[in-house]
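Shown here: target_32.cif, mmCIF, C-alpha atoms.
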data_data
loop_
_atom_site.label_atom_id
_atom_site.label_comp_id
_atom_site.auth_asym_id
_atom_site.auth_seq_id
_atom_site.Cartn_x
_atom_site.Cartn_y
_atom_site.Cartn_z
CA MET N 30 -21.84 -3.36 1.61
CA SER N 31 -21.39 0.39 1.46
CA THR N 32 -24.43 1.85 3.22
CA LYS N 33 -22.61 2.93 6.39
CA ILE N 34 -19.77 4.44 4.37
CA LYS N 35 -22.14 6.44 2.21
CA GLU N 36 -23.98 7.71 5.28
CA ALA N 37 -20.74 8.72 7.01
CA VAL N 38 -19.36 10.51 3.96
CA ARG N 39 -22.65 12.30 3.28
CA ALA N 40 -22.63 13.58 6.86
CA LEU N 41 -19.03 14.79 6.60
CA LEU N 42 -19.77 16.61 3.35
CA ALA N 43 -23.02 18.12 4.65
CA GLU N 44 -21.32 19.39 7.80
CA GLY N 45 -18.46 20.87 5.79
CA LYS N 46 -15.86 18.80 7.63
CA ILE N 47 -14.23 17.60 4.40
CA LYS N 48 -13.69 19.04 0.94
CA GLY N 49 -14.03 15.60 -0.62
CA PHE N 50 -13.86 11.85 -0.17
CA LEU N 51 -11.18 9.92 -2.07
CA GLY N 52 -12.54 6.51 -2.94
CA LEU N 53 -13.51 4.29 -5.85
CA ARG N 54 -16.29 4.73 -8.37
CA GLU N 55 -17.92 2.29 -10.78
CA GLU N 56 -18.50 3.91 -14.15
CA HIS N 57 -18.87 2.56 -17.70
CA GLY N 58 -18.03 -0.96 -16.59
CA ASN N 59 -14.83 0.01 -14.79
CA ILE N 60 -13.79 0.83 -11.25
CA MET N 61 -11.63 3.92 -10.97
CA PRO N 62 -10.40 6.33 -8.27
CA HIS N 63 -12.72 9.28 -7.74
CA LEU N 64 -12.88 12.34 -5.52
CA PHE N 65 -16.47 12.57 -4.28
CA CYS N 66 -17.39 16.19 -3.58
CA ASP N 67 -21.13 15.94 -4.23
CA PRO N 68 -23.21 13.59 -2.02
CA LYS N 69 -25.27 12.61 -5.06
CA GLU N 70 -22.18 11.00 -6.60
CA LEU N 71 -22.01 8.45 -3.80
CA ASP N 72 -24.62 6.30 -5.52
CA SER N 73 -21.79 5.11 -7.79
CA LEU N 74 -19.41 4.38 -4.89
CA SER N 75 -17.50 1.09 -5.19
CA LEU N 76 -15.43 -0.76 -2.60
CA GLY N 77 -13.23 -2.27 -5.29
CA ASP N 78 -15.17 -5.52 -5.59
CA TRP N 79 -15.34 -6.51 -9.26
CA LYS N 80 -15.11 -10.22 -9.96
CA LYS N 81 -13.78 -10.93 -6.48
CA SER N 82 -13.72 -9.05 -3.21
CA GLY N 83 -11.14 -6.29 -3.29
CA ASP N 84 -9.74 -7.28 -6.69
CA THR N 85 -9.65 -3.68 -7.94
CA ARG N 86 -7.33 -1.49 -5.91
CA TYR N 87 -5.39 1.69 -6.49
CA PRO N 88 -2.67 3.54 -4.53
CA LEU N 89 -5.11 6.04 -3.04
CA ASN N 90 -2.50 7.09 -0.47
CA GLN N 91 -0.32 8.39 -3.30
CA MET N 92 -3.24 10.40 -4.63
CA MET N 93 -3.91 11.80 -1.18
CA ILE N 94 -0.40 13.22 -1.10
CA GLN N 95 -1.07 15.02 -4.38
CA LEU N 96 -4.37 16.37 -3.02
CA ALA N 97 -2.60 17.63 0.09
CA ILE N 98 -0.03 19.43 -2.06
CA ALA N 99 -2.74 21.05 -4.18
CA TYR N 100 -5.03 21.90 -1.24
CA PRO N 101 -2.80 22.16 1.87
CA ASN N 102 -5.47 23.81 4.00
CA GLU N 103 -8.29 21.42 3.17
CA THR N 104 -9.37 18.21 4.90
CA PHE N 105 -10.19 15.07 2.94
CA ALA N 106 -11.59 11.66 3.82
CA ILE N 107 -10.17 8.52 2.24
CA LEU N 108 -11.30 4.91 1.83
CA VAL N 109 -8.86 2.54 3.53
CA ARG N 110 -8.32 -1.15 4.05
CA GLY N 111 -5.98 -2.40 6.76
CA CYS N 112 -2.86 -1.96 4.63
CA ASP N 113 -3.92 1.52 3.51
CA GLU N 114 -4.33 2.60 7.13
CA ARG N 115 -0.85 1.31 7.95
CA GLY N 116 0.50 3.30 5.03
CA LEU N 117 -1.18 6.52 6.11
CA ARG N 118 0.22 6.15 9.60
CA GLU N 119 3.71 5.93 8.17
CA LEU N 120 3.08 8.87 5.83
CA PHE N 121 2.05 10.94 8.86
CA LYS N 122 5.28 9.99 10.61
CA TRP N 123 7.36 10.78 7.53
CA LYS N 124 5.68 14.20 7.32
CA GLN N 125 4.18 13.51 3.91
CA LEU N 126 0.66 14.17 5.17
CA ALA N 127 -0.84 16.11 8.07
CA GLU N 128 -2.82 13.75 10.28
CA ASP N 129 -5.41 16.37 11.18
CA LYS N 130 -6.20 16.90 7.49
CA VAL N 131 -7.06 13.27 6.73
CA ILE N 132 -10.13 11.33 7.92
CA LEU N 133 -10.00 7.56 7.50
CA ILE N 134 -13.07 5.62 6.37
CA GLY N 135 -12.23 1.96 6.96
CA ILE N 136 -13.46 -1.24 5.33
CA GLY N 137 -12.53 -4.77 6.34
CA CYS N 138 -11.32 -7.56 4.08
CA PRO N 139 -13.02 -10.98 4.05
CA ASP N 140 -11.07 -14.09 5.00
CA GLU N 141 -10.79 -15.11 1.35
CA LEU N 142 -8.89 -11.93 0.52
CA ALA N 143 -6.88 -12.08 3.74
CA ARG N 144 -5.69 -15.59 2.90
CA ALA N 145 -4.80 -14.61 -0.66
CA CYS N 146 -2.74 -11.71 0.67
CA GLU N 147 -1.45 -13.70 3.67
CA CYS N 148 -2.31 -10.55 5.60
CA GLU N 149 -1.48 -10.26 9.28
CA LYS N 150 -4.16 -7.63 9.96
CA PRO N 151 -6.82 -7.51 7.20
CA PHE N 152 -8.87 -4.73 8.74
CA PRO N 153 -8.19 -1.14 9.84
CA ASP N 154 -8.64 0.22 13.34
CA SER N 155 -10.88 2.79 11.68
CA LEU N 156 -13.21 -0.03 10.57
CA LEU N 157 -16.63 1.31 9.61
CA GLU N 158 -18.01 -1.46 7.44
CA GLY N 159 -17.13 -4.99 6.42
CA PRO N 160 -15.71 -8.01 8.24
CA GLN N 161 -12.92 -8.06 10.77
CA GLY N 162 -11.02 -10.75 8.92
CA THR N 163 -8.80 -13.43 10.43
CA ARG N 164 -5.03 -13.15 10.40
CA ALA N 165 -3.34 -15.31 7.74
CA GLU N 166 0.11 -16.87 8.01
CA ASN N 167 3.05 -16.15 5.69
CA GLU N 168 3.09 -19.57 4.05
CA LYS N 169 5.15 -18.46 1.03
CA VAL N 170 7.88 -17.02 3.24
CA ALA N 171 7.84 -20.16 5.39
CA SER N 172 8.22 -22.29 2.26
CA LEU N 173 11.30 -20.33 1.17
CA ASP N 174 12.78 -20.49 4.66
CA LYS N 175 12.78 -24.28 4.39
CA MET N 176 15.14 -24.09 1.40
CA ASP N 177 18.88 -24.13 1.91
CA LEU N 178 20.93 -21.07 0.92
CA GLU N 179 21.79 -22.36 -2.55
CA GLU N 180 18.17 -23.21 -3.33
CA ARG N 181 16.99 -19.76 -2.24
CA PHE N 182 19.69 -18.08 -4.31
CA THR N 183 18.67 -20.07 -7.38
CA PHE N 184 15.01 -19.25 -6.79
CA TRP N 185 15.50 -15.50 -6.51
CA GLU N 186 18.03 -15.38 -9.34
CA ALA N 187 15.47 -16.94 -11.68
CA GLU N 188 12.74 -14.56 -10.47
CA PHE N 189 14.85 -11.40 -10.73
CA ASN N 190 16.13 -12.33 -14.18
CA ARG N 191 12.61 -11.88 -15.55
CA CYS N 192 12.57 -8.22 -14.55
CA ILE N 193 12.23 -5.78 -17.48
CA LYS N 194 12.80 -2.66 -15.34
CA CYS N 195 9.41 -1.17 -16.13
CA LEU N 196 9.48 0.49 -12.68
CA GLY N 197 5.86 -0.56 -12.19
CA CYS N 198 6.57 -1.78 -8.65
CA ARG N 199 8.03 1.57 -7.69
CA ASN N 200 5.47 3.70 -9.48
CA ILE N 201 2.45 2.04 -7.88
CA CYS N 202 3.93 1.78 -4.38
CA PRO N 203 1.99 4.01 -1.96
CA MET N 204 5.10 4.33 0.19
CA CYS N 205 7.51 5.52 -2.53
CA PHE N 206 7.52 9.28 -2.09
CA CYS N 207 11.12 10.37 -2.74
CA ASN N 208 11.48 13.28 -5.17
CA GLU N 209 14.59 11.66 -6.65
CA CYS N 210 14.93 7.89 -7.05
CA THR N 211 18.28 6.11 -6.96
CA LEU N 212 16.79 3.32 -9.07
CA GLU N 213 17.03 5.67 -12.04
CA GLU N 214 20.66 6.64 -11.44
CA ALA N 215 22.78 5.94 -14.51
CA ASN N 216 25.73 4.86 -12.35
CA LEU N 217 23.55 2.23 -10.69
CA ILE N 218 21.62 0.82 -13.64
CA ASP N 219 22.75 1.46 -17.20
CA THR N 220 20.12 3.09 -19.40
CA GLY N 221 18.58 0.66 -21.86
CA GLU N 222 19.88 -2.44 -20.11
CA VAL N 223 17.07 -4.97 -20.24
CA PRO N 224 16.89 -6.84 -18.00
CA PRO N 225 18.77 -4.62 -15.52
CA ALA N 226 21.76 -5.84 -13.58
CA ASN N 227 20.54 -8.38 -11.09
CA PRO N 228 19.98 -8.59 -8.24
CA THR N 229 21.00 -4.94 -7.72
CA PHE N 230 17.71 -3.34 -8.76
CA HIS N 231 15.41 -5.30 -6.46
CA LEU N 232 17.81 -5.53 -3.53
CA VAL N 233 18.29 -1.74 -3.53
CA ARG N 234 14.54 -1.25 -3.56
CA ALA N 235 14.07 -3.84 -0.82
CA ILE N 236 16.51 -1.90 1.37
CA HIS N 237 14.67 1.34 0.67
CA MET N 238 11.38 -0.26 1.72
CA VAL N 239 12.71 -1.32 5.12
CA GLY N 240 10.34 0.13 7.70
CA ARG N 241 8.06 1.45 4.95
CA CYS N 242 6.46 -1.56 3.27
CA ILE N 243 2.85 -1.92 4.43
CA ASP N 244 2.27 -5.30 2.73
CA CYS N 245 -0.43 -4.02 0.36
CA GLY N 246 0.83 -6.21 -2.50
CA LEU N 247 0.26 -3.62 -5.22
CA CYS N 248 3.84 -4.06 -6.44
CA GLU N 249 3.27 -7.74 -7.15
CA GLU N 250 -0.09 -7.07 -8.79
CA ALA N 251 1.52 -4.51 -11.11
CA CYS N 252 4.51 -6.67 -12.07
CA PRO N 253 4.15 -7.92 -15.68
CA ALA N 254 6.78 -10.59 -15.00
CA ASP N 255 4.90 -12.02 -12.00
CA ILE N 256 7.90 -11.69 -9.70
CA PRO N 257 6.83 -12.55 -6.11
CA LEU N 258 7.83 -9.15 -4.77
CA ARG N 259 5.41 -9.32 -1.89
CA THR N 260 7.17 -12.41 -0.57
CA LEU N 261 10.50 -10.58 -0.72
CA TYR N 262 9.19 -7.61 1.24
CA LYS N 263 7.35 -9.84 3.71
CA LYS N 264 10.67 -11.49 4.52
CA VAL N 265 12.32 -8.10 4.97
CA GLY N 266 9.47 -7.13 7.28
CA GLU N 267 9.96 -10.30 9.34
CA ILE N 268 13.65 -9.47 9.78
CA ILE N 269 12.88 -5.91 10.89
CA SER N 270 10.27 -7.17 13.33
CA LYS N 271 12.70 -9.68 14.80
CA GLU N 272 15.73 -7.37 15.01
CA PHE N 273 14.04 -4.11 15.97
CA GLY N 274 10.62 -5.13 17.27
CA TYR N 275 8.96 -2.83 14.74
CA LYS N 276 5.95 -3.57 12.53
CA THR N 277 5.29 -0.97 9.88
CA GLY N 278 2.10 1.01 10.43
CA PHE N 279 0.81 -1.02 13.38
CA SER N 280 1.51 1.74 15.88
CA VAL N 281 0.14 5.26 15.70
CA ASP N 282 3.05 6.81 17.60
CA GLU N 283 6.03 4.47 17.28
CA LYS N 284 8.13 5.33 14.27
CA SER N 285 10.44 3.20 12.14
CA PRO N 286 14.00 2.81 13.49
CA PHE N 287 15.09 4.08 10.07
CA ASN N 288 13.01 7.26 10.28
CA ILE N 289 15.18 10.09 11.61
CA ILE N 290 12.41 12.69 11.28
CA GLU N 291 11.30 13.94 14.67
CA VAL N 292 7.71 13.06 15.51
CA LYS N 293 5.94 15.65 17.66
#

Give the structure from the file, written as structure tokens.
Amino acid sequence: MSTKIKEAVRALLAEGKIKGFLGLREEHGNIMPHLFCDPKELDSLSLGDWKKSGDTRYPLNQMMIQLAIAYPNETFAILVRGCDERGLRELFKWKQLAEDKVILIGIGCPDELARACECEKPFPDSLLEGPQGTRAENEKVASLDKMDLEERFTFWEAEFNRCIKCLGCRNICPMCFCNECTLEEANLIDTGEVPPANPTFHLVRAIHMVGRCIDCGLCEEACPADIPLRTLYKKVGEIISKEFGYKTGFSVDEKSPFNIIEVK
């Protein structure tokens, strides 16, 4: 399932519309990010399917920002799933990327992956290949909502206390783009304190992700302590949707109520 994508990228490269295509490549038994600049390289293109569909993912949006910084006048194409597309839309609004310099090549996620992610929209509008998966419900959030306040507090206290402050959740997040991070401030979290003061670390980050989290789940995948971070951010997203009527990345033009940057 990559024929249409290969054909589209080959055409873009041949016509000189892009400098390269940021996607995934299978090489030496591993799947890694790769910038395809030569059409011949596309034979090794991977969609991130290793043992299961979509089980190998990387924060390609982060890498696109670095490409844009290095080559501000060039146009690149990028492989996106539904969550990646939502992220790019927000990055355009936050002025981290120029929309006219990025071409989206979309793939859909199968129902199996959508259910595992409990994804509301498991396919991009720029869908080129793959299924248009079915929306999945937030069962984990619903389960926590059934708990009383004391039970929820006990649950999250136990989860947060496993945190070793490796910063993996922040480092892999495609929507963390601040040049300076308050999570590293000495007056907020003492250096060498393991685990960090709880629940300060994760609650501060949850606040910072308001209107930014695209529900990609990379933070939870990267967490060595298996903290259900995605569930936390899903709940934050539900609150923002209810209070402000805003869903991160679902609209091309509508910006987050917490984004004060003017969109023209």

- Selection result for the PyMOL selection byres ((chain N and resi 280) around 12) on this file, as a ChimeraX atom specification: /N:114-119,121-122,153-154,274-279,281-285

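Closest approach to Glu250 (chain N) from the set N:Leu156, N:Cys198, N:Leu71, N:Leu142 is made by N:Cys198, with distances taken over only C-alpha atoms.
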
- Item | Residues selected by the PyMOL selection byres ((chain N and resi 48) around 12), written as number ranges by chain | N: 38-39, 41-47, 49-51, 64-68, 96-97, 100-107, 130-132

For the selection just defined, write its residues with C-alpha atoms to a file, as a PDB file, in the frame of the given file.
ATOM      1  CA  VAL N  38     -19.360  10.510   3.960  1.00  0.00           C
ATOM      2  CA  ARG N  39     -22.650  12.300   3.280  1.00  0.00           C
ATOM      3  CA  LEU N  41     -19.030  14.790   6.600  1.00  0.00           C
ATOM      4  CA  LEU N  42     -19.770  16.610   3.350  1.00  0.00           C
ATOM      5  CA  ALA N  43     -23.020  18.120   4.650  1.00  0.00           C
ATOM      6  CA  GLU N  44     -21.320  19.390   7.800  1.00  0.00           C
ATOM      7  CA  GLY N  45     -18.460  20.870   5.790  1.00  0.00           C
ATOM      8  CA  LYS N  46     -15.860  18.800   7.630  1.00  0.00           C
ATOM      9  CA  ILE N  47     -14.230  17.600   4.400  1.00  0.00           C
ATOM     10  CA  GLY N  49     -14.030  15.600  -0.620  1.00  0.00           C
ATOM     11  CA  PHE N  50     -13.860  11.850  -0.170  1.00  0.00           C
ATOM     12  CA  LEU N  51     -11.180   9.920  -2.070  1.00  0.00           C
ATOM     13  CA  LEU N  64     -12.880  12.340  -5.520  1.00  0.00           C
ATOM     14  CA  PHE N  65     -16.470  12.570  -4.280  1.00  0.00           C
ATOM     15  CA  CYS N  66     -17.390  16.190  -3.580  1.00  0.00           C
ATOM     16  CA  ASP N  67     -21.130  15.940  -4.230  1.00  0.00           C
ATOM     17  CA  PRO N  68     -23.210  13.590  -2.020  1.00  0.00           C
ATOM     18  CA  LEU N  96      -4.370  16.370  -3.020  1.00  0.00           C
ATOM     19  CA  ALA N  97      -2.600  17.630   0.090  1.00  0.00           C
ATOM     20  CA  TYR N 100      -5.030  21.900  -1.240  1.00  0.00           C
ATOM     21  CA  PRO N 101      -2.800  22.160   1.870  1.00  0.00           C
ATOM     22  CA  ASN N 102      -5.470  23.810   4.000  1.00  0.00           C
ATOM     23  CA  GLU N 103      -8.290  21.420   3.170  1.00  0.00           C
ATOM     24  CA  THR N 104      -9.370  18.210   4.900  1.00  0.00           C
ATOM     25  CA  PHE N 105     -10.190  15.070   2.940  1.00  0.00           C
ATOM     26  CA  ALA N 106     -11.590  11.660   3.820  1.00  0.00           C
ATOM     27  CA  ILE N 107     -10.170   8.520   2.240  1.00  0.00           C
ATOM     28  CA  LYS N 130      -6.200  16.900   7.490  1.00  0.00           C
ATOM     29  CA  VAL N 131      -7.060  13.270   6.730  1.00  0.00           C
ATOM     30  CA  ILE N 132     -10.130  11.330   7.920  1.00  0.00           C
TER      31      ILE N 132
END

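Put simply, CA of Asp140 (chain N) is 24.1 Å away from CA of Met61 (chain N).
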
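Atom pair CA of Ser75 (chain N) / CA of Ile243 (chain N): separated by 22.7 Å.
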
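Using all atoms listed in the file, the shortest contact distance between Lys194 (chain N) and any of N:Cys252, N:Met176, N:Cys210, N:Met238 is found at N:Cys252.
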
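Distance check against Glu158 (chain N) using only C-alpha atoms: of N:Leu126, N:Ile289, N:Cys195, N:Leu108, the minimum falls on N:Leu108.
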
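Proximity ranking of N:Cys205, N:Ile193, N:Ala145, N:Leu157 relative to Lys169 (chain N) places N:Ala145 first, based on all atoms listed in the file.
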
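Separating CA of His237 (chain N) from CA of Glu209 (chain N) is a distance of 12.7 Å.
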
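Protein and nucleic acid residues near (14.3, -0.7, 5.5) are Ile236, His237, Met238, Val239, Gly240, Arg241 and Phe287 of chain N, the criterion being any atom at most 7 Å away using all atoms listed in the file.
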
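The shortest atom-to-atom distance to Cys146 (chain N), with all atoms listed in the file taken into account, belongs to N:Asp244 out of N:Glu36, N:Asp129, N:Asp244, N:Glu180.
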
- Item | Residue members of the PyMOL selection byres ((chain N and resi 183-186) around 12) in the file shown, as a list in words | Ser172, Leu173, Asp174, Met176, Asp177, Leu178, Glu179, Glu180, Arg181, Phe182, Ala187, Glu188, Phe189, Asn190, Arg191, Cys192, Ala226, Asn227, Pro228, Thr229, His231, Leu232, Ile256, Pro257, Leu258, Thr260 and Leu261 of chain N

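Nearest residue to Arg234 (chain N), choosing from N:Cys202, N:Ser270, N:Gly111, N:Glu55 and counting all atoms listed in the file: N:Cys202.
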
Could you list, as a JSON list (two decimals) with C-alpha atoms, in the coordinates of the input, every residue within 12 Å of Ser73 (chain N), counting only C-alpha atoms and ignoring same-chain residues fewer than 4 positions away?
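Okay, this is what ended up in around.json:
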[["chain", "number", "residue", "atom", "x", "y", "z"],
["N", 31, "SER", "CA", -21.39, 0.39, 1.46],
["N", 32, "THR", "CA", -24.43, 1.85, 3.22],
["N", 35, "LYS", "CA", -22.14, 6.44, 2.21],
["N", 52, "GLY", "CA", -12.54, 6.51, -2.94],
["N", 53, "LEU", "CA", -13.51, 4.29, -5.85],
["N", 54, "ARG", "CA", -16.29, 4.73, -8.37],
["N", 55, "GLU", "CA", -17.92, 2.29, -10.78],
["N", 56, "GLU", "CA", -18.50, 3.91, -14.15],
["N", 57, "HIS", "CA", -18.87, 2.56, -17.70],
["N", 58, "GLY", "CA", -18.03, -0.96, -16.59],
["N", 59, "ASN", "CA", -14.83, 0.01, -14.79],
["N", 60, "ILE", "CA", -13.79, 0.83, -11.25],
["N", 61, "MET", "CA", -11.63, 3.92, -10.97],
["N", 62, "PRO", "CA", -10.40, 6.33, -8.27],
["N", 63, "HIS", "CA", -12.72, 9.28, -7.74],
["N", 64, "LEU", "CA", -12.88, 12.34, -5.52],
["N", 65, "PHE", "CA", -16.47, 12.57, -4.28],
["N", 67, "ASP", "CA", -21.13, 15.94, -4.23],
["N", 68, "PRO", "CA", -23.21, 13.59, -2.02],
["N", 69, "LYS", "CA", -25.27, 12.61, -5.06],
["N", 77, "GLY", "CA", -13.23, -2.27, -5.29]]
